[in-house]
>>> print(open('input_8.csv').read())   # CSV, C-alpha atoms
chain,number,residue,atom,x,y,z
A,1,MET,CA,191.2,65.9,84.5
A,2,ALA,CA,194.9,65.1,84.5
A,3,VAL,CA,196.8,66.7,81.6
A,4,THR,CA,199.4,64.6,79.7
A,5,ARG,CA,202.0,66.5,77.7
A,6,ILE,CA,204.0,64.7,75.0
A,7,HIS,CA,207.0,66.5,73.5
A,8,THR,CA,210.3,65.7,71.9
A,9,PRO,CA,213.1,67.1,73.9
A,10,ASP,CA,216.4,68.3,72.3
A,11,ASN,CA,218.6,65.2,71.8
A,12,GLY,CA,222.0,66.3,73.1
A,13,LEU,CA,223.6,63.1,72.0
A,14,ALA,CA,222.5,63.5,68.4
A,15,ARG,CA,225.7,65.5,67.7
A,16,ILE,CA,227.9,62.5,68.4
A,17,LEU,CA,226.9,60.9,65.1
A,18,GLY,CA,229.5,61.6,62.3
A,19,GLY,CA,231.5,64.8,62.1
A,20,LYS,CA,235.2,65.5,62.2
A,21,ASP,CA,237.3,62.9,64.0
A,22,ALA,CA,234.4,60.4,64.2
A,23,ARG,CA,235.5,56.8,64.6
A,24,SER,CA,233.8,53.5,64.1
A,25,MET,CA,232.0,51.8,67.0
A,26,ASP,CA,234.4,48.8,66.7
A,27,ASP,CA,237.4,51.1,67.2
A,28,LEU,CA,235.9,52.7,70.3
A,29,VAL,CA,234.9,49.3,71.8
A,30,ARG,CA,238.4,47.9,71.2
A,31,ASP,CA,240.0,50.9,72.9
A,32,ALA,CA,237.7,50.5,75.9
A,33,GLU,CA,238.3,46.8,76.1
A,34,GLU,CA,242.1,47.4,76.0
A,35,ARG,CA,241.8,49.7,79.0
A,36,LEU,CA,239.8,47.1,80.9
A,37,VAL,CA,242.6,44.6,80.2
A,38,GLN,CA,245.1,47.0,81.7
A,39,ILE,CA,243.2,47.4,84.9
A,40,ALA,CA,242.3,43.7,85.3
A,41,PRO,CA,245.0,43.2,88.0
A,42,HIS,CA,243.4,45.9,90.1
A,43,ILE,CA,240.0,44.4,89.6
A,44,ASP,CA,241.4,41.0,90.7
A,45,GLN,CA,242.9,42.5,93.9
A,46,PHE,CA,239.6,44.3,94.7
A,47,VAL,CA,237.6,41.1,94.1
A,48,ALA,CA,240.0,39.1,96.3
A,49,ARG,CA,239.6,41.5,99.2
A,50,GLU,CA,235.8,41.4,99.0
A,51,ILE,CA,235.8,37.6,98.8
A,52,ASP,CA,237.9,37.5,101.9
A,53,VAL,CA,235.1,39.3,103.7
A,54,ILE,CA,232.4,36.9,102.3
A,55,LEU,CA,234.4,33.8,103.2
A,56,ALA,CA,235.4,35.1,106.7
A,57,ILE,CA,231.8,35.8,107.6
A,58,GLY,CA,230.2,33.0,105.6
A,59,GLY,CA,232.4,30.4,107.4
A,60,GLN,CA,231.2,31.3,110.9
A,61,ARG,CA,228.3,29.8,112.8
A,62,GLU,CA,224.9,30.3,111.4
A,63,GLU,CA,223.8,32.9,113.9
A,64,GLU,CA,226.9,35.0,113.2
A,65,VAL,CA,226.3,34.7,109.5
A,66,PHE,CA,222.8,35.8,110.0
A,67,ALA,CA,223.9,38.8,112.1
A,68,GLU,CA,226.3,40.0,109.5
A,69,CYS,CA,224.5,39.0,106.4
A,70,ARG,CA,224.1,42.6,105.2
A,71,LYS,CA,227.9,42.9,105.1
A,72,VAL,CA,228.1,39.6,103.1
A,73,SER,CA,225.4,40.9,100.7
A,74,ASP,CA,227.1,44.2,100.1
A,75,ALA,CA,230.5,42.5,99.5
A,76,ALA,CA,228.8,40.0,97.1
A,77,LEU,CA,227.2,42.8,95.1
A,78,ARG,CA,230.5,44.6,94.8
A,79,VAL,CA,232.1,41.3,93.4
A,80,ALA,CA,229.1,40.7,91.1
A,81,GLU,CA,229.4,44.2,89.7
A,82,VAL,CA,233.1,43.9,88.6
A,83,ALA,CA,234.4,40.4,88.5
A,84,GLY,CA,233.2,39.6,85.0
A,85,ALA,CA,235.2,42.7,83.7
A,86,ALA,CA,238.4,40.9,84.6
A,87,GLY,CA,237.2,37.6,83.1
A,88,ALA,CA,236.0,36.0,86.3
A,89,THR,CA,232.4,35.6,85.1
A,90,ALA,CA,231.6,32.5,87.2
A,91,VAL,CA,232.9,34.2,90.4
A,92,GLY,CA,230.7,37.2,89.6
A,93,ASP,CA,227.7,34.9,89.0
A,94,VAL,CA,228.1,33.0,92.3
A,95,ALA,CA,228.5,36.3,94.1
A,96,ARG,CA,225.3,37.5,92.5
A,97,GLY,CA,223.6,34.3,93.8
A,98,ILE,CA,224.8,35.1,97.3
A,99,ARG,CA,223.3,38.5,97.0
A,100,LEU,CA,220.0,37.1,95.8
A,101,MET,CA,219.9,34.6,98.6
A,102,ILE,CA,220.3,37.3,101.3
A,103,ASP,CA,218.0,39.7,99.5
A,104,SER,CA,215.3,37.0,99.7
A,105,LEU,CA,215.6,37.2,103.5
A,106,PHE,CA,214.9,41.0,103.4
A,107,THR,CA,212.2,40.8,100.8
A,108,GLY,CA,210.5,37.5,101.6
A,109,GLY,CA,211.6,36.9,105.2
A,110,VAL,CA,212.9,33.5,104.4
A,111,TRP,CA,216.4,32.4,105.6
A,112,HIS,CA,217.9,29.5,103.7
A,113,ALA,CA,221.0,28.8,105.8
A,114,ASP,CA,222.1,25.6,104.1
A,115,ALA,CA,221.6,27.0,100.6
A,116,LEU,CA,223.6,30.1,101.5
A,117,ARG,CA,226.4,28.0,102.8
A,118,ILE,CA,226.5,26.0,99.6
A,119,HIS,CA,226.9,29.3,97.7
A,120,VAL,CA,229.7,30.5,100.0
A,121,GLU,CA,231.5,27.1,99.7
A,122,SER,CA,231.1,27.3,95.9
A,123,LEU,CA,232.7,30.7,95.9
A,124,ALA,CA,235.6,29.2,97.9
A,125,ILE,CA,236.0,26.3,95.5
A,126,LEU,CA,236.1,28.7,92.5
A,127,THR,CA,238.6,31.1,94.1
A,128,ARG,CA,240.7,29.1,96.7
A,129,GLY,CA,240.4,25.5,95.4
A,130,ALA,CA,242.1,23.8,92.5
A,131,PRO,CA,241.7,25.6,89.3
A,132,GLN,CA,238.4,24.9,87.5
A,133,SER,CA,237.9,24.7,83.8
A,134,PRO,CA,235.3,27.2,82.4
A,135,ALA,CA,233.0,24.2,81.8
A,136,GLU,CA,233.3,23.1,85.4
A,137,ALA,CA,232.7,26.6,86.6
A,138,ASP,CA,229.6,26.9,84.4
A,139,VAL,CA,228.2,23.6,86.0
A,140,ILE,CA,228.6,25.1,89.5
A,141,VAL,CA,226.8,28.3,88.4
A,142,GLU,CA,224.0,26.4,86.7
A,143,ARG,CA,223.5,24.0,89.7
A,144,LEU,CA,223.3,27.0,92.1
A,145,LYS,CA,220.7,28.6,89.8
A,146,VAL,CA,218.6,25.4,89.9
A,147,LEU,CA,219.0,25.3,93.7
A,148,ARG,CA,217.8,28.9,94.0
A,149,ALA,CA,214.8,28.3,91.7
A,150,ARG,CA,213.8,25.2,93.8
A,151,ILE,CA,213.7,27.1,97.0
A,152,GLY,CA,211.9,30.1,95.5
A,153,VAL,CA,214.6,32.6,95.1
A,154,PRO,CA,214.1,34.2,91.7
A,155,ASP,CA,216.9,35.4,89.6
B,156,MET,CA,219.3,44.9,55.2
B,157,THR,CA,221.0,46.1,58.4
B,158,LYS,CA,221.6,49.8,59.0
B,159,PRO,CA,225.2,50.9,58.3
B,160,LYS,CA,227.2,51.3,61.5
B,161,PRO,CA,227.6,55.0,62.3
B,162,LEU,CA,230.8,56.8,63.0
B,163,ILE,CA,230.9,58.3,66.5
B,164,ASN,CA,232.6,61.2,68.2
B,165,LEU,CA,231.9,61.4,71.9
B,166,ARG,CA,234.6,64.0,72.7
B,167,GLN,CA,232.2,66.9,73.2
B,168,THR,CA,229.7,64.9,75.2
B,169,LYS,CA,229.0,65.8,78.8
B,170,MET,CA,228.2,62.8,81.0
B,171,LEU,CA,227.3,62.3,84.7
B,172,VAL,CA,228.3,59.0,86.3
B,173,VAL,CA,226.9,58.1,89.7
B,174,GLU,CA,228.5,55.0,91.3
B,175,ASP,CA,229.4,54.2,94.8
B,176,ASN,CA,231.4,51.0,94.2
B,177,PRO,CA,235.0,52.4,93.6
B,178,GLN,CA,236.0,49.6,91.3
B,179,ALA,CA,232.9,49.7,89.2
B,180,LEU,CA,233.4,53.5,88.9
B,181,GLU,CA,237.0,52.9,87.7
B,182,ILE,CA,235.7,50.3,85.2
B,183,LEU,CA,233.1,52.8,83.9
B,184,SER,CA,235.6,55.6,83.8
B,185,GLN,CA,238.1,53.5,81.7
B,186,VAL,CA,235.4,52.5,79.3
B,187,LEU,CA,234.2,56.1,78.8
B,188,VAL,CA,237.8,57.3,78.3
B,189,GLY,CA,238.2,54.4,75.8
B,190,PHE,CA,235.1,55.8,74.0
B,191,GLY,CA,236.8,59.2,73.8
B,192,VAL,CA,234.6,60.9,76.3
B,193,SER,CA,236.7,63.8,77.7
B,194,GLU,CA,234.2,65.4,80.1
B,195,PHE,CA,232.4,63.3,82.6
B,196,ARG,CA,231.5,64.1,86.2
B,197,LYS,CA,232.0,61.3,88.7
B,198,CYS,CA,229.8,61.2,91.8
B,199,GLU,CA,230.1,58.6,94.5
B,200,THR,CA,227.1,59.8,96.5
B,201,LEU,CA,223.6,61.0,95.6
B,202,GLU,CA,224.2,64.2,97.4
B,203,ASP,CA,227.0,65.0,95.0
B,204,ALA,CA,224.8,63.9,92.1
B,205,TYR,CA,221.9,66.2,93.2
B,206,LEU,CA,224.3,69.2,93.3
B,207,ALA,CA,225.8,68.3,89.9
B,208,ILE,CA,222.4,68.2,88.1
B,209,ASP,CA,221.5,71.5,89.7
B,210,LYS,CA,224.7,73.1,88.4
B,211,SER,CA,225.2,71.6,85.0
B,212,MET,CA,223.4,70.1,82.0
B,213,PHE,CA,224.4,66.7,80.9
B,214,ASP,CA,223.9,64.8,77.6
B,215,VAL,CA,223.4,61.5,79.4
B,216,MET,CA,223.5,60.2,83.0
B,217,ILE,CA,224.8,56.8,83.9
B,218,VAL,CA,223.5,55.8,87.4
B,219,ASP,CA,224.1,52.8,89.6
B,220,GLY,CA,220.9,51.1,90.6
B,221,GLU,CA,222.2,49.9,94.0
B,222,LEU,CA,223.6,53.0,95.5
B,223,SER,CA,223.8,52.7,99.3
B,224,GLY,CA,221.1,54.6,101.1
B,225,GLU,CA,218.7,56.0,98.4
B,226,SER,CA,218.9,54.0,95.2
B,227,GLY,CA,219.6,55.0,91.7
B,228,PHE,CA,215.9,54.4,91.0
B,229,ALA,CA,215.1,57.1,93.5
B,230,PHE,CA,217.5,59.4,91.8
B,231,THR,CA,215.7,58.7,88.5
B,232,ARG,CA,212.3,59.5,90.0
B,233,HIS,CA,213.8,62.6,91.6
B,234,VAL,CA,215.1,63.9,88.3
B,235,ARG,CA,211.9,63.1,86.4
B,236,GLY,CA,209.8,64.7,89.1
B,237,ARG,CA,211.3,68.1,88.7
B,238,ILE,CA,209.4,69.2,85.6
B,239,GLY,CA,211.2,71.8,83.7
B,240,ALA,CA,214.3,71.7,85.9
B,241,ASN,CA,217.9,71.0,84.7
B,242,ASN,CA,218.3,67.6,83.2
B,243,PHE,CA,214.6,66.8,83.6
B,244,ALA,CA,214.5,65.1,80.3
B,245,THR,CA,218.2,64.0,80.1
B,246,PRO,CA,218.5,60.3,79.1
B,247,ILE,CA,219.3,58.1,82.1
B,248,VAL,CA,221.0,54.7,81.9
B,249,ILE,CA,220.7,52.6,85.0
B,250,VAL,CA,223.5,50.1,85.5
B,251,THR,CA,222.8,47.3,88.0
B,252,GLY,CA,224.5,44.3,89.4
B,253,ALA,CA,221.1,42.8,90.3
B,254,PRO,CA,219.0,43.1,87.2
B,255,THR,CA,215.9,41.3,88.4
B,256,ARG,CA,212.6,41.7,86.5
B,257,ALA,CA,211.2,43.8,89.4
B,258,LYS,CA,214.2,46.2,89.3
B,259,VAL,CA,214.1,46.6,85.5
B,260,ALA,CA,210.3,47.4,85.8
B,261,GLU,CA,211.1,49.9,88.6
B,262,ALA,CA,213.7,51.6,86.4
B,263,ARG,CA,211.5,51.7,83.4
B,264,ASP,CA,208.5,53.0,85.3
B,265,GLY,CA,210.6,55.6,87.1
B,266,GLY,CA,211.6,57.1,83.8
B,267,ALA,CA,215.0,55.5,82.9
B,268,ASN,CA,215.8,55.2,79.3
B,269,PHE,CA,217.8,51.9,79.5
B,270,VAL,CA,218.9,49.3,82.1
B,271,ILE,CA,222.3,47.7,81.6
B,272,ALA,CA,223.5,44.7,83.7
B,273,LYS,CA,226.9,45.0,85.4
B,274,PRO,CA,229.7,44.2,84.9
B,275,ILE,CA,229.7,46.8,82.1
B,276,VAL,CA,230.4,45.4,78.7
B,277,PRO,CA,231.7,48.2,76.5
B,278,ARG,CA,229.8,47.3,73.4
B,279,THR,CA,226.5,47.0,75.2
B,280,LEU,CA,227.0,50.5,76.7
B,281,LEU,CA,228.0,52.1,73.4
B,282,ASP,CA,225.1,50.4,71.6
B,283,ARG,CA,222.7,52.1,74.0
B,284,ILE,CA,224.3,55.5,73.8
B,285,VAL,CA,224.2,55.3,70.0
B,286,TRP,CA,220.6,54.2,70.1
B,287,ILE,CA,219.7,57.2,72.1
B,288,ALA,CA,221.6,59.5,69.7
B,289,ARG,CA,219.8,58.1,66.7
B,290,HIS,CA,216.3,58.1,68.1
B,291,SER,CA,214.8,61.3,69.4
B,292,ARG,CA,212.2,59.6,71.6
B,293,ASP,CA,209.1,61.4,72.7
B,294,PHE,CA,208.9,62.4,76.4
B,295,ILE,CA,205.7,62.0,78.5
B,296,GLU,CA,204.7,64.3,81.3
B,297,SER,CA,201.7,63.2,83.3
B,298,ASP,CA,200.7,62.8,86.9
B,299,ALA,CA,201.4,59.1,86.9
B,300,TYR,CA,204.6,59.1,84.8
B,301,CYS,CA,207.4,61.4,83.6
B,302,GLY,CA,209.9,59.9,81.3
B,303,PRO,CA,210.7,58.7,77.8
B,304,ASP,CA,207.8,57.1,75.9
B,305,ARG,CA,207.8,53.5,76.9
B,306,ARG,CA,206.2,52.3,73.7
B,307,PHE,CA,209.2,50.9,71.9
B,308,HIS,CA,207.7,48.4,69.5
B,309,ASN,CA,205.1,48.9,66.8
B,310,ILE,CA,204.2,45.3,66.0
B,311,PRO,CA,201.8,45.0,63.0
B,312,LEU,CA,198.7,43.0,63.4
B,313,PRO,CA,198.8,39.4,62.1
B,314,PHE,CA,197.8,39.0,58.4
B,315,GLY,CA,194.1,39.1,58.0
B,316,VAL,CA,193.3,40.6,61.4
B,317,GLU,CA,191.7,44.1,61.2
B,318,ASP,CA,192.5,46.8,63.8
B,319,ARG,CA,189.5,46.9,66.2
B,320,ARG,CA,189.4,50.7,65.8
B,321,ALA,CA,189.3,50.5,62.0
B,322,GLU,CA,185.5,51.1,61.9
B,323,ALA,CA,185.8,54.2,64.1
B,324,VAL,CA,188.7,55.5,62.1
B,325,ARG,CA,186.6,55.1,58.9
B,326,LEU,CA,183.7,56.9,60.5
B,327,THR,CA,185.6,59.9,61.7
B,328,ALA,CA,187.4,60.1,58.4
B,329,THR,CA,184.1,60.7,56.7
B,330,PRO,CA,183.0,64.2,57.6
B,331,GLU,CA,179.6,64.0,55.7
B,332,ARG,CA,178.4,61.0,57.8
B,333,ASP,CA,175.4,61.5,60.0
B,334,LEU,CA,176.3,62.3,63.6
B,335,SER,CA,174.8,60.3,66.4
B,336,GLN,CA,172.6,62.1,68.9
B,337,ASP,CA,175.4,61.9,71.5
B,338,GLU,CA,177.8,63.6,69.1
B,339,ILE,CA,175.2,66.3,68.3
B,340,ASP,CA,174.5,66.9,72.0
B,341,ALA,CA,178.2,67.2,72.6
B,342,LEU,CA,178.5,70.1,70.3
B,343,PHE,CA,176.1,72.3,72.3
>>> encode(input="input_8.csv", output="structure tokens")
Amino acid sequence: MAVTRIHTPDNGLARILGGKDARSMDDLVRDAEERLVQIAPHIDQFVAREIDVILAIGGQREEEVFAECRKVSDAALRVAEVAGAAGATAVGDVARGIRLMIDSLFTGGVWHADALRIHVESLAILTRGAPQSPAEADVIVERLKVLRARIGVPD
Amino acid sequence: MTKPKPLINLRQTKMLVVEDNPQALEILSQVLVGFGVSEFRKCETLEDAYLAIDKSMFDVMIVDGELSGESGFAFTRHVRGRIGANNFATPIVIVTGAPTRAKVAEARDGGANFVIAKPIVPRTLLDRIVWIARHSRDFIESDAYCGPDRRFHNIPLPFGVEDRRAEAVRLTATPERDLSQDEIDALF
């Protein structure tokens, strides 16, 4: 019969609570957020380079996009992972949608060329087009979410 | 009444960060420095991470779920599969840019303590670290699962509903009761 062992391991993090020089959570969070503000320009540059990759490949003919979709997916993930930290939440969300669209090809074997193109064009609108208000950007993100749900690409 | 917010000192904490996206690694590093963490090991590949966990003990490990090649989920299973080895029971926080239901379940069932969606929000990360510090969670070792006890919530039964085991509990709590034949047989 399989043996199950239950124990309580030493909690190495317990010592962070209290003690000399301890600070409030609010103070620590504020320091961390200030550091993120300082590196925001670097994040923007990184995101811009990755978006160049997505738009360059995503603007090609369908078979070329299909052939290089892994590159698009990887770039989209890198954008999704960081864009929000520099305040570009909608850009990150659209990039995450691109990643989900391409993942659905690998996991479900379904290739939605038109829906993927709409995602790529939405990313171009948000980053290269006329500035969007946050409310307008949210509409784009929400409509893409509805589109994905309708074609069976779960978030 | 809510619990008072604790005071924190992360200066002596040893952390491992495994992340292959250089910008995400920079974000995480800046957040940890902002928290006052002075000692954290950064690994961009799983090979480096495997060497690091063999050499050093960490208080917490923050691991990217979407590492190229083998994933952070595989890293978690690897760590939890080495019963008794370094960092076997060290808390693991998975950070992921694609937090789908399937991936969260994969992380939980692989033995991760928490999953956090990227981009990292400092308060979310600190809340999880403090939660781990305040709660010494049981650890389960079995053939099917190694990791922190996944039973987070103790939800009381609705008013007026009796626990279905209540009768059995009452019986076993009464030593003078008559044993059934099966119970008698089991004693021989």
>>> interface_residues(input="input_8.csv", of="chain B", to="chain A", cutoff="7 Å", atoms="all atoms listed in the file", output="number ranges by chain")
B: 161-165, 176, 178-179, 182, 185-186, 189-190, 214, 244, 252, 255, 273-274, 277-278, 288-289, 291-298
>>> closest_residue(input="input_8.csv", among="B:Glu174, B:Asp318, B:Asp219, B:Asp203", to="Val248 (chain B)", atoms="only C-alpha atoms")
B:Asp219
>>> atom_distance(input="input_8.csv", atom1="CA of Glu136 (chain A)", atom2="CA of Arg61 (chain A)")
28.6 Å
>>> residues_around(input="input_8.csv", residues="Met170 (chain B)", least_positions_apart="4", cutoff="10 Å", atoms="only C-alpha atoms", output="number ranges by chain")
B: 165, 187, 192-197, 212-217
>>> write_last_selection(input="input_8.csv", atoms="C-alpha atoms", output="PDB file, in the frame of the given file")
ATOM      1  CA  LEU B 165     231.900  61.400  71.900  1.00  0.00           C
ATOM      2  CA  LEU B 187     234.200  56.100  78.800  1.00  0.00           C
ATOM      3  CA  VAL B 192     234.600  60.900  76.300  1.00  0.00           C
ATOM      4  CA  SER B 193     236.700  63.800  77.700  1.00  0.00           C
ATOM      5  CA  GLU B 194     234.200  65.400  80.100  1.00  0.00           C
ATOM      6  CA  PHE B 195     232.400  63.300  82.600  1.00  0.00           C
ATOM      7  CA  ARG B 196     231.500  64.100  86.200  1.00  0.00           C
ATOM      8  CA  LYS B 197     232.000  61.300  88.700  1.00  0.00           C
ATOM      9  CA  MET B 212     223.400  70.100  82.000  1.00  0.00           C
ATOM     10  CA  PHE B 213     224.400  66.700  80.900  1.00  0.00           C
ATOM     11  CA  ASP B 214     223.900  64.800  77.600  1.00  0.00           C
ATOM     12  CA  VAL B 215     223.400  61.500  79.400  1.00  0.00           C
ATOM     13  CA  MET B 216     223.500  60.200  83.000  1.00  0.00           C
ATOM     14  CA  ILE B 217     224.800  56.800  83.900  1.00  0.00           C
TER      15      ILE B 217
END
>>> atom_distance(input="input_8.csv", atom1="CA of Ile249 (chain B)", atom2="CA of Thr231 (chain B)")
8.6 Å
>>> closest_residue(input="input_8.csv", among="B:Ala204, B:Ala240, B:Ala257, B:Val173", to="Leu222 (chain B)", atoms="all atoms listed in the file")
B:Val173
>>> atom_distance(input="input_8.csv", atom1="CA of Asp209 (chain B)", atom2="CA of Asn242 (chain B)")
8.2 Å
>>> closest_residue(input="input_8.csv", among="B:Glu202, B:Asp175, B:Asp264, B:Glu225", to="Arg306 (chain B)", atoms="all atoms listed in the file")
B:Asp264
>>> closest_residue(input="input_8.csv", among="A:Cys69, A:Ala90, A:Ala48, A:Ile57", to="Glu142 (chain A)", atoms="all atoms listed in the file")
A:Ala90
>>> build_atoms(input="input_8.csv", residues="region 126-147 of chain A", atoms="N, CA and C atoms", output="CSV table (one decimal), in the frame of the given file")
chain,number,residue,atom,x,y,z
A,126,LEU,N,235.8,28.0,93.8
A,126,LEU,CA,236.1,28.7,92.5
A,126,LEU,C,237.4,29.6,92.7
A,127,THR,N,237.6,30.1,94.0
A,127,THR,CA,238.6,31.1,94.1
A,127,THR,C,239.8,30.6,94.9
A,128,ARG,N,239.6,29.6,95.8
A,128,ARG,CA,240.7,29.1,96.7
A,128,ARG,C,241.0,27.6,96.4
A,129,GLY,N,240.2,26.9,95.7
A,129,GLY,CA,240.4,25.5,95.4
A,129,GLY,C,241.3,25.3,94.2
A,130,ALA,N,241.3,24.1,93.8
A,130,ALA,CA,242.1,23.8,92.5
A,130,ALA,C,241.4,24.5,91.4
A,131,PRO,N,242.3,24.9,90.4
A,131,PRO,CA,241.7,25.6,89.3
A,131,PRO,C,240.6,24.8,88.6
A,132,GLN,N,239.5,25.5,88.2
A,132,GLN,CA,238.4,24.9,87.5
A,132,GLN,C,238.4,25.3,86.1
A,133,SER,N,238.0,24.3,85.2
A,133,SER,CA,237.9,24.7,83.8
A,133,SER,C,236.6,25.6,83.7
A,134,PRO,N,236.6,26.4,82.6
A,134,PRO,CA,235.3,27.2,82.4
A,134,PRO,C,234.1,26.3,82.4
A,135,ALA,N,234.2,25.1,81.8
A,135,ALA,CA,233.0,24.2,81.8
A,135,ALA,C,232.6,23.8,83.2
A,136,GLU,N,233.6,23.5,84.0
A,136,GLU,CA,233.3,23.1,85.4
A,136,GLU,C,232.7,24.2,86.2
A,137,ALA,N,233.2,25.4,86.0
A,137,ALA,CA,232.7,26.6,86.6
A,137,ALA,C,231.3,26.8,86.2
A,138,ASP,N,231.0,26.6,84.9
A,138,ASP,CA,229.6,26.9,84.4
A,138,ASP,C,228.6,25.9,85.1
A,139,VAL,N,229.1,24.6,85.3
A,139,VAL,CA,228.2,23.6,86.0
A,139,VAL,C,227.9,24.1,87.4
A,140,ILE,N,228.9,24.6,88.1
A,140,ILE,CA,228.6,25.1,89.5
A,140,ILE,C,227.6,26.3,89.4
A,141,VAL,N,227.8,27.2,88.5
A,141,VAL,CA,226.8,28.3,88.4
A,141,VAL,C,225.4,27.8,88.1
A,142,GLU,N,225.3,26.9,87.1
A,142,GLU,CA,224.0,26.4,86.7
A,142,GLU,C,223.3,25.7,87.9
A,143,ARG,N,224.1,24.8,88.6
A,143,ARG,CA,223.5,24.0,89.7
A,143,ARG,C,223.0,25.0,90.8
A,144,LEU,N,223.7,26.0,91.0
A,144,LEU,CA,223.3,27.0,92.1
A,144,LEU,C,222.0,27.7,91.6
A,145,LYS,N,221.9,28.0,90.3
A,145,LYS,CA,220.7,28.6,89.8
A,145,LYS,C,219.5,27.7,90.0
A,146,VAL,N,219.7,26.4,89.7
A,146,VAL,CA,218.6,25.4,89.9
A,146,VAL,C,218.2,25.4,91.4
A,147,LEU,N,219.2,25.4,92.2
A,147,LEU,CA,219.0,25.3,93.7
A,147,LEU,C,218.1,26.5,94.1
